[in-house]
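Raw start-v1.pdb, PDB, C-alpha atoms:
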```
ATOM      1  CA  MET G 262      83.411 -46.218  31.682
ATOM      2  CA  ILE G 263      83.054 -47.071  28.001
ATOM      3  CA  ASP G 264      85.437 -49.927  27.212
ATOM      4  CA  HIS G 265      84.853 -50.272  23.498
ATOM      5  CA  LEU G 266      82.468 -49.817  20.586
ATOM      6  CA  VAL G 267      81.709 -52.713  18.229
ATOM      7  CA  TYR G 268      81.575 -51.893  14.504
ATOM      8  CA  ALA G 269      80.448 -54.896  12.449
ATOM      9  CA  ALA G 270      80.982 -55.396   8.740
ATOM     10  CA  PRO G 271      80.416 -58.180   6.209
ATOM     11  CA  GLU G 272      84.140 -58.260   5.300
ATOM     12  CA  LEU G 273      86.956 -57.208   7.607
ATOM     13  CA  GLU G 274      89.655 -55.872   5.300
ATOM     14  CA  ALA G 275      87.198 -53.759   3.297
ATOM     15  CA  ALA G 276      85.902 -52.226   6.525
ATOM     16  CA  VAL G 277      89.430 -51.568   7.807
ATOM     17  CA  LEU G 278      90.264 -49.789   4.550
ATOM     18  CA  ALA G 279      87.061 -47.719   4.606
ATOM     19  CA  VAL G 280      87.662 -46.640   8.207
ATOM     20  CA  GLU G 281      91.277 -45.759   7.368
ATOM     21  CA  GLN G 282      90.190 -43.646   4.389
ATOM     22  CA  ARG G 283      87.674 -41.828   6.564
ATOM     23  CA  PHE G 284      89.685 -41.304   9.759
ATOM     24  CA  GLY G 285      93.293 -41.499   8.567
ATOM     25  CA  VAL G 286      94.332 -44.303  10.929
ATOM     26  CA  ARG G 287      94.572 -47.986  10.014
ATOM     27  CA  ALA G 288      93.130 -50.526  12.439
ATOM     28  CA  ALA G 289      95.529 -53.277  13.458
ATOM     29  CA  GLY G 290      96.076 -56.034  15.987
ATOM     30  CA  GLY G 291      93.022 -58.022  16.902
ATOM     31  CA  GLY G 292      92.793 -61.637  15.827
ATOM     32  CA  GLN G 293      90.364 -64.547  15.752
ATOM     33  CA  HIS G 294      87.493 -65.294  18.138
ATOM     34  CA  LEU G 295      87.948 -69.034  18.213
ATOM     35  CA  GLY G 296      84.726 -71.005  17.831
ATOM     36  CA  LEU G 297      82.621 -67.880  17.202
ATOM     37  CA  GLY G 298      83.533 -67.520  13.531
ATOM     38  CA  THR G 299      84.653 -63.892  13.738
ATOM     39  CA  HIS G 300      87.874 -61.895  13.579
ATOM     40  CA  ASN G 301      88.670 -58.261  14.303
ATOM     41  CA  ARG G 302      90.996 -55.268  14.111
ATOM     42  CA  LEU G 303      91.261 -52.436  16.646
ATOM     43  CA  LEU G 304      91.699 -48.661  16.886
ATOM     44  CA  ALA G 305      92.324 -46.791  20.141
ATOM     45  CA  LEU G 306      89.793 -44.041  20.939
ATOM     46  CA  GLY G 307      91.551 -42.944  24.124
ATOM     47  CA  PRO G 308      93.770 -44.438  26.834
ATOM     48  CA  ARG G 309      91.262 -47.144  27.840
ATOM     49  CA  THR G 310      88.676 -47.068  25.041
ATOM     50  CA  TYR G 311      88.838 -48.552  21.562
ATOM     51  CA  LEU G 312      86.888 -49.327  18.393
ATOM     52  CA  GLU G 313      86.568 -52.990  17.461
ATOM     53  CA  ILE G 314      85.950 -53.691  13.770
ATOM     54  CA  ILE G 315      84.517 -57.217  13.569
ATOM     55  CA  ALA G 316      83.410 -59.457  10.693
ATOM     56  CA  PRO G 317      82.856 -63.119   9.808
ATOM     57  CA  ASP G 318      86.159 -64.985   9.622
ATOM     58  CA  PRO G 319      86.500 -67.067   6.436
ATOM     59  CA  GLY G 320      89.441 -68.845   8.062
ATOM     60  CA  GLN G 321      87.155 -70.585  10.561
ATOM     61  CA  PRO G 322      84.352 -73.090   9.992
ATOM     62  CA  ASP G 323      80.830 -71.770  10.446
ATOM     63  CA  PRO G 324      80.047 -71.766  14.177
ATOM     64  CA  GLU G 325      77.300 -73.900  15.670
ATOM     65  CA  LEU G 326      75.558 -70.816  17.075
ATOM     66  CA  PRO G 327      74.935 -67.472  15.346
ATOM     67  CA  ARG G 328      77.953 -65.160  15.306
ATOM     68  CA  PRO G 329      77.880 -62.505  18.071
ATOM     69  CA  PHE G 330      76.411 -59.010  17.636
ATOM     70  CA  GLY G 331      74.197 -60.116  14.749
ATOM     71  CA  VAL G 332      77.264 -60.150  12.490
ATOM     72  CA  ASP G 333      75.658 -62.748  10.213
ATOM     73  CA  GLY G 334      72.926 -60.307   9.213
ATOM     74  CA  VAL G 335      75.115 -57.228   8.678
ATOM     75  CA  THR G 336      75.156 -56.127   5.039
ATOM     76  CA  GLU G 337      76.636 -52.631   5.577
ATOM     77  CA  PRO G 338      79.159 -51.652   8.274
ATOM     78  CA  ARG G 339      77.538 -50.177  11.397
ATOM     79  CA  LEU G 340      77.840 -49.878  15.159
ATOM     80  CA  VAL G 341      76.203 -52.955  16.677
ATOM     81  CA  GLY G 342      77.199 -52.885  20.342
ATOM     82  CA  TRP G 343      79.319 -51.439  23.103
ATOM     83  CA  ALA G 344      80.872 -52.453  26.391
ATOM     84  CA  ILE G 345      81.270 -50.977  29.862
ATOM     85  CA  THR G 346      84.404 -51.990  31.730
ATOM     86  CA  CYS G 347      84.295 -53.157  35.332
ATOM     87  CA  ASP G 348      86.730 -54.737  37.772
ATOM     88  CA  ASP G 349      84.372 -57.211  39.456
ATOM     89  CA  ILE G 350      81.998 -58.372  36.745
ATOM     90  CA  VAL G 351      79.961 -60.679  38.963
ATOM     91  CA  ARG G 352      79.291 -57.868  41.408
ATOM     92  CA  ALA G 353      78.473 -55.437  38.572
ATOM     93  CA  ARG G 354      76.154 -57.966  36.918
ATOM     94  CA  ASP G 355      74.355 -58.720  40.196
ATOM     95  CA  GLY G 356      74.021 -55.001  40.921
ATOM     96  CA  ALA G 357      72.438 -54.363  37.526
ATOM     97  CA  ALA G 358      70.005 -57.247  38.055
ATOM     98  CA  ALA G 359      69.058 -55.860  41.480
ATOM     99  CA  ARG G 360      68.358 -52.491  39.843
ATOM    100  CA  GLY G 361      65.995 -54.044  37.302
ATOM    101  CA  PHE G 362      68.045 -55.147  34.300
ATOM    102  CA  ASP G 363      69.696 -58.549  33.945
ATOM    103  CA  PRO G 364      72.524 -58.453  31.361
ATOM    104  CA  GLY G 365      72.776 -62.236  31.375
ATOM    105  CA  GLN G 366      75.204 -64.713  32.784
ATOM    106  CA  VAL G 367      78.929 -64.038  32.988
ATOM    107  CA  ILE G 368      80.793 -65.966  30.292
ATOM    108  CA  ASP G 369      84.427 -66.320  29.268
ATOM    109  CA  GLY G 370      85.784 -64.795  26.086
ATOM    110  CA  GLN G 371      89.056 -65.289  24.252
ATOM    111  CA  ARG G 372      90.880 -64.189  21.139
ATOM    112  CA  ARG G 373      93.996 -65.553  19.444
ATOM    113  CA  THR G 374      96.346 -62.817  18.232
ATOM    114  CA  ALA G 375      98.381 -62.994  15.033
ATOM    115  CA  SER G 376     101.397 -64.020  17.138
ATOM    116  CA  GLY G 377      99.448 -66.967  18.574
ATOM    117  CA  GLU G 378      98.915 -65.478  22.030
ATOM    118  CA  VAL G 379      95.469 -66.123  23.537
ATOM    119  CA  LEU G 380      93.899 -63.167  25.345
ATOM    120  CA  ARG G 381      91.122 -63.847  27.841
ATOM    121  CA  TRP G 382      88.358 -61.783  29.420
ATOM    122  CA  ARG G 383      84.899 -62.147  30.984
ATOM    123  CA  LEU G 384      81.693 -60.556  29.720
ATOM    124  CA  THR G 385      77.940 -60.690  30.189
ATOM    125  CA  SER G 386      76.010 -62.812  27.708
ATOM    126  CA  ASN G 387      73.905 -59.931  26.357
ATOM    127  CA  ALA G 388      77.042 -59.224  24.303
ATOM    128  CA  LEU G 389      76.077 -62.129  22.056
ATOM    129  CA  VAL G 390      73.032 -60.321  20.688
ATOM    130  CA  GLY G 391      74.501 -56.806  20.612
ATOM    131  CA  GLY G 392      72.237 -53.781  20.330
ATOM    132  CA  VAL G 393      72.071 -50.373  21.958
ATOM    133  CA  VAL G 394      72.185 -51.747  25.533
ATOM    134  CA  PRO G 395      75.815 -52.275  26.594
ATOM    135  CA  PHE G 396      77.349 -55.432  27.936
ATOM    136  CA  LEU G 397      79.752 -55.610  30.863
ATOM    137  CA  ILE G 398      83.360 -56.686  30.367
ATOM    138  CA  SER G 399      86.258 -57.360  32.718
ATOM    139  CA  TRP G 400      89.798 -57.843  31.437
ATOM    140  CA  GLY G 401      91.253 -59.181  34.688
ATOM    141  CA  ASP G 402      95.018 -59.469  34.270
ATOM    142  CA  THR G 403      94.843 -58.850  30.499
ATOM    143  CA  PRO G 404      95.916 -55.302  29.558
ATOM    144  CA  SER G 405      93.256 -53.195  27.843
ATOM    145  CA  PRO G 406      93.493 -53.634  24.050
ATOM    146  CA  ALA G 407      93.361 -49.831  23.793
ATOM    147  CA  LEU G 408      96.930 -49.708  25.092
ATOM    148  CA  SER G 409      98.360 -51.497  22.053
ATOM    149  CA  ALA G 410      95.875 -50.436  19.343
ATOM    150  CA  PRO G 411      96.853 -47.736  16.820
ATOM    151  CA  GLY G 412      96.174 -44.306  18.328
ATOM    152  CA  GLY G 413      95.308 -40.828  17.161
ATOM    153  CA  LEU G 414      91.508 -40.900  17.425
ATOM    154  CA  VAL G 415      89.310 -39.719  20.293
ATOM    155  CA  LEU G 416      85.778 -40.796  21.251
ATOM    156  CA  GLU G 417      84.149 -37.415  21.854
ATOM    157  CA  SER G 418      80.612 -38.607  22.559
ATOM    158  CA  LEU G 419      78.237 -41.550  22.316
ATOM    159  CA  HIS G 420      74.452 -41.669  22.415
ATOM    160  CA  ALA G 421      71.771 -44.228  21.650
ATOM    161  CA  GLU G 422      68.558 -43.791  19.700
ATOM    162  CA  HIS G 423      65.470 -45.908  20.322
ATOM    163  CA  PRO G 424      61.674 -45.788  19.804
ATOM    164  CA  ASP G 425      61.254 -46.188  23.602
ATOM    165  CA  PRO G 426      63.978 -44.018  25.182
ATOM    166  CA  ALA G 427      62.607 -44.365  28.724
ATOM    167  CA  LEU G 428      62.913 -48.162  28.595
ATOM    168  CA  ILE G 429      66.501 -48.039  27.391
ATOM    169  CA  ALA G 430      67.458 -45.225  29.781
ATOM    170  CA  GLY G 431      66.241 -47.405  32.664
ATOM    171  CA  GLN G 432      68.446 -50.272  31.499
ATOM    172  CA  PHE G 433      71.408 -47.909  31.122
ATOM    173  CA  ALA G 434      70.859 -46.634  34.667
ATOM    174  CA  ALA G 435      70.756 -50.197  36.000
ATOM    175  CA  LEU G 436      74.110 -50.832  34.334
ATOM    176  CA  GLY G 437      75.531 -47.645  35.832
ATOM    177  CA  THR G 438      76.010 -45.592  32.681
ATOM    178  CA  ASP G 439      74.695 -42.111  31.966
ATOM    179  CA  VAL G 440      75.034 -42.309  28.161
ATOM    180  CA  GLU G 441      72.131 -40.349  26.664
ATOM    181  CA  VAL G 442      69.209 -42.076  24.964
ATOM    182  CA  ARG G 443      67.294 -40.093  22.342
ATOM    183  CA  LEU G 444      64.080 -40.816  20.497
ATOM    184  CA  GLY G 445      64.714 -42.528  17.182
ATOM    185  CA  SER G 446      62.638 -44.484  14.705
ATOM    186  CA  VAL G 447      64.980 -47.480  14.947
ATOM    187  CA  PRO G 448      67.523 -48.570  17.575
ATOM    188  CA  ALA G 449      70.949 -47.112  16.772
ATOM    189  CA  LEU G 450      74.260 -46.149  18.327
ATOM    190  CA  VAL G 451      75.801 -42.832  17.289
ATOM    191  CA  ALA G 452      79.418 -41.997  18.121
ATOM    192  CA  GLN G 453      81.314 -38.799  17.527
ATOM    193  CA  ILE G 454      84.947 -39.758  16.840
ATOM    194  CA  SER G 455      87.511 -37.041  16.199
ATOM    195  CA  GLY G 456      84.924 -34.722  14.702
ATOM    196  CA  GLN G 457      83.110 -37.327  12.577
ATOM    197  CA  THR G 458      79.891 -39.240  13.175
ATOM    198  CA  LEU G 459      79.931 -43.027  13.106
ATOM    199  CA  ARG G 460      76.662 -44.968  13.267
TER     200      ARG G 460
END
```
Here is a file; write its structure as structure tokens.
Amino acid sequence: MIDHLVYAAPELEAAVLAVEQRFGVRAAGGGQHLGLGTHNRLLALGPRTYLEIIAPDPGQPDPELPRPFGVDGVTEPRLVGWAITCDDIVRARDGAAARGFDPGQVIDGQRRTASGEVLRWRLTSNALVGGVVPFLISWGDTPSPALSAPGGLVLESLHAEHPDPALIAGQFAALGTDVEVRLGSVPALVAQISGQTLR
């Protein structure tokens, strides 16, 4: 199941405003990814699916490693990644590796909310580079962020585009997703959200 889509931008508030003007709903919540140099806002796309708008956080020092999802190189807002939810992430990761695609080691993630609460989750390390191939995520005892994010939008469809669709489709199958992969000149994610296309 699609957990969330990652929409990166060079500046968070400008991206939140642009998304609000386009879709009529203002992203809220989110917080800071401590040590990664990013912050985010969220929009629900269904009961357990959401859109994460992410950007460099000027309130944090520059991180030692590159910011996740290639955020440092983003000059225009665009979809840069997506996640598949799972209950047992170690089992899901090992299953994908056995089927021919290794999404990387399982690592811990956390985010501090505006109220100071720290939310925690686990994810596979391919999340750090982003791209059309999804990463795995497990929220454990943390409620899905979709439950508290502003609602009103629906993810109607998602597909990937890539110069080598067969390669990517094989990786998708290993991860247990049947999201379509189409031929495209450059790798891209294309979502249909409440009747509008977001790339």
- Using only C-alpha atoms, which residue out of G:Ile368, G:Leu326, G:Ile263, G:Ile398 lies closest to G:Ser386?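 Smallest separation from G:Ser386 among the options: G:Ile368.
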Computed gap from atom CA of G:Gly392 to atom CA of G:Ser446 is 14.5 Å
### Straight-line distance linking atom CA of G:Thr385 with atom CA of G:Gly307, stated in Å to one decimal
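Pair atom CA of G:Thr385 / atom CA of G:Gly307 returns 23.2 Å.
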**OP:** Run the PyMOL selection byres ((chain G and resi 371) around 9) mentally over the shown coordinates, then write out the matched residues as a ChimeraX atom specification, using the chain letters and numbers from the document.
**Re:** /G:293-295,369-370,372-373,379-383
Original post:
If you apply the PyMOL selection byres ((chain G and resi 343) around 6) to this file, what residues do you get, as a ChimeraX atom specification?
Top reply: /G:265-267,342,344,395
* Asked: If the PyMOL selection byres ((chain G and resi 274) around 10) is run on the structure shown, which residues does it catch, given as a PyMOL selection string?
  -> chain G and resi 270-273+275-280+288+301-302+314-316
Point (95.0, -44.6, 27.0) neighbourhood (10 Å, all atoms listed in the file) written as a list in words: Ala305, Leu306, Gly307, Pro308, Arg309, Thr310, Tyr311, Ser405, Pro406, Ala407, Leu408, Ser409, Ala410 and Gly412 of chain G
Could you give me, as a ChimeraX atom specification, the residues that have an atom at most 9 Å away from the point (75.7, -47.2, 32.4) in the coordinates of the file, using only C-alpha atoms? /G:262-263,345,394-395,430,432-440
With distances taken over only C-alpha atoms, the candidate from G:Asp363, G:Glu313, G:Leu459, G:Leu384 nearest G:Cys347 is G:Leu384
